[in-house]
Every structure is written in structure tokens, then in C-alpha cells.
Amino acid sequence: MASITEITVRYAETDAMGVVHHAVYPIWFEIARTDYIKAVGLSYAEMEKGGVMLPVTSISVKYRIPAKYDDNLIVTAKVTRLTPARVEFAYTVNRKSDGELLTEGTSAHAFVDAKTFKPLNFKKEMPDFFEVFEKEAQKDLNELQE
């Protein structure tokens, strides 16, 4: 289950040439990742209330073609790895009008205790949510293998 998030490039996200600044893409990835988690049936806020945080441990972005001011974009997020301790996402950013791939990226996250920031076993901490998350993530992993 990939999540699909539509974004229109705002003027504030561009430089003097009207090109999206490189630091904006990880923000869009976060929006898509949040949408993915909501689609699975939970929100970051609920996870945090439950004592679980999901900090970024690594991120990569591959810029292919620049997005520009007022472009309508599709940001897709899908899970590429899920364990009780970690989750990894892959992202694509495509121009909506022609489907052209503009940017690709990945992010890795650890499930940690909200108070101590120490790693935890998400499967044990929130088993019902982990089960749903795992089921949806498996769909993404199956697509990657095809």
C-alpha cells in the first residue's frame, strides 16, 4: 500500500530561479510518510501518546529533475523494510501533469521510547498497530519483489 500525497510547490519553497530548494524534499517525504501512517490507521500523535517515537536515523535524496514554483506534484511513500525495531521508507516525487520522475529518496527510522529515547520493540509495545502496519508493509515488499 503506497500512500500518495499531492503537493503544489509554494513560492517560499523555491530559490530566486523558481527551483525548489534541496532541503524541501525531506519535508515532503515527512508529509508522505505521515499520510502513510494515517492510512494504516494511526497517527504520529497517537504513537507519541502511546510512548513511541520514530526518529530519522538516515535519509537520502537523489535529485533528477528540479521541481519548480507552482508545479503540481505526487509524492509517493512505501515501506521497504519493517522490523520490530526499525522501519524504512522509499519515496518518489513525480510531476502530476506528465508523470515525470523528479526525485527519489529513502529514510530509515528507529522505534524508540518517548521518555528515554532508547530503542524499543514496537511489536511488543503496540502489537495491534504493528500487526496492521506489518500487513500493509508486506504489500509494499511484495510489489518490490515483482
# chains A, B, ... in the order shown; residues from 1 in each chain; ligands from 1
>>> select_by_dssp(residues="chain A", states="alpha helix (DSSP H)", output="ChimeraX atom specification")
/A:24-40,44-49,122-125,127-145
>>> closest_atom_pairs(of="segment 23-99 of chain A", to="segment 115-130 of chain A", cutoff="12 Å", atoms="only C-alpha atoms", output="tab-separated table")
residue	atom	partner	partner_atom	distance
A:Ile37	CA	A:Phe129	CA	10.1
A:Lys38	CA	A:Phe129	CA	11.3
A:Ala39	CA	A:Phe129	CA	11.9
A:Val40	CA	A:Phe129	CA	8.4
A:Gly41	CA	A:Phe129	CA	7.8
A:Leu42	CA	A:Phe129	CA	7.5
A:Ser43	CA	A:Phe129	CA	10.5
A:Tyr44	CA	A:Phe129	CA	12.0
A:Glu46	CA	A:Phe129	CA	10.7
A:Met47	CA	A:Met126	CA	8.7
A:Glu48	CA	A:Lys115	CA	9.8
A:Lys49	CA	A:Lys115	CA	10.9
A:Gly50	CA	A:Met126	CA	8.0
A:Gly51	CA	A:Lys115	CA	7.2
A:Val52	CA	A:Phe122	CA	7.8
A:Met53	CA	A:Phe117	CA	7.7
A:Leu54	CA	A:Phe117	CA	9.5
A:Pro55	CA	A:Phe117	CA	9.1
A:Thr57	CA	A:Pro119	CA	11.7
A:Leu82	CA	A:Phe130	CA	9.6
A:Thr83	CA	A:Lys123	CA	8.3
A:Pro84	CA	A:Phe122	CA	5.0
A:Ala85	CA	A:Asn121	CA	5.3
A:Arg86	CA	A:Phe122	CA	8.4
A:Val87	CA	A:Phe122	CA	10.2
>>> select_by_dssp(residues="segment 7-113 of chain A", states="strand (DSSP E)", output="PyMOL selection string")
chain A and resi 7-8+52-53+56-63+72-82+86-95+101-110+112-113
>>> atom_distance(atom1="atom CA of Glu30 of chain A", atom2="atom CA of Glu88 of chain A")
12.3 Å
>>> residues_around(residues="Ala137 of chain A", least_positions_apart="6", cutoff="9 Å", atoms="only C-alpha atoms", output="list of chain:residue names")
A:Met1, A:Ala2, A:Lys78, A:Val79, A:Thr80, A:Arg81, A:Leu82
>>> closest_residue(among="A:Ile65, A:Val112, A:Val132, A:Val9", to="Glu100 of chain A", atoms="only C-alpha atoms")
A:Ile65
>>> closest_residue(among="A:Thr5, A:Ala45, A:Tyr36, A:Asp70", to="Gly18 of chain A", atoms="only C-alpha atoms")
A:Asp70
>>> atom_distance(atom1="atom CA of Arg95 of chain A", atom2="atom CA of Phe29 of chain A")
14.9 Å
>>> closest_residue(among="A:Lys68, A:Arg33, A:Lys139, A:Lys62", to="Phe89 of chain A", atoms="only C-alpha atoms")
A:Arg33
>>> atom_distance(atom1="atom CA of Ser60 of chain A", atom2="atom CA of Glu104 of chain A")
8.4 Å
>>> residues_around(residues="Ala67 of chain A", least_positions_apart="5", cutoff="12 Å", atoms="only C-alpha atoms", output="ChimeraX atom specification")
/A:7-11,13-15,17-22,24-25,72-75,93-96,100-103
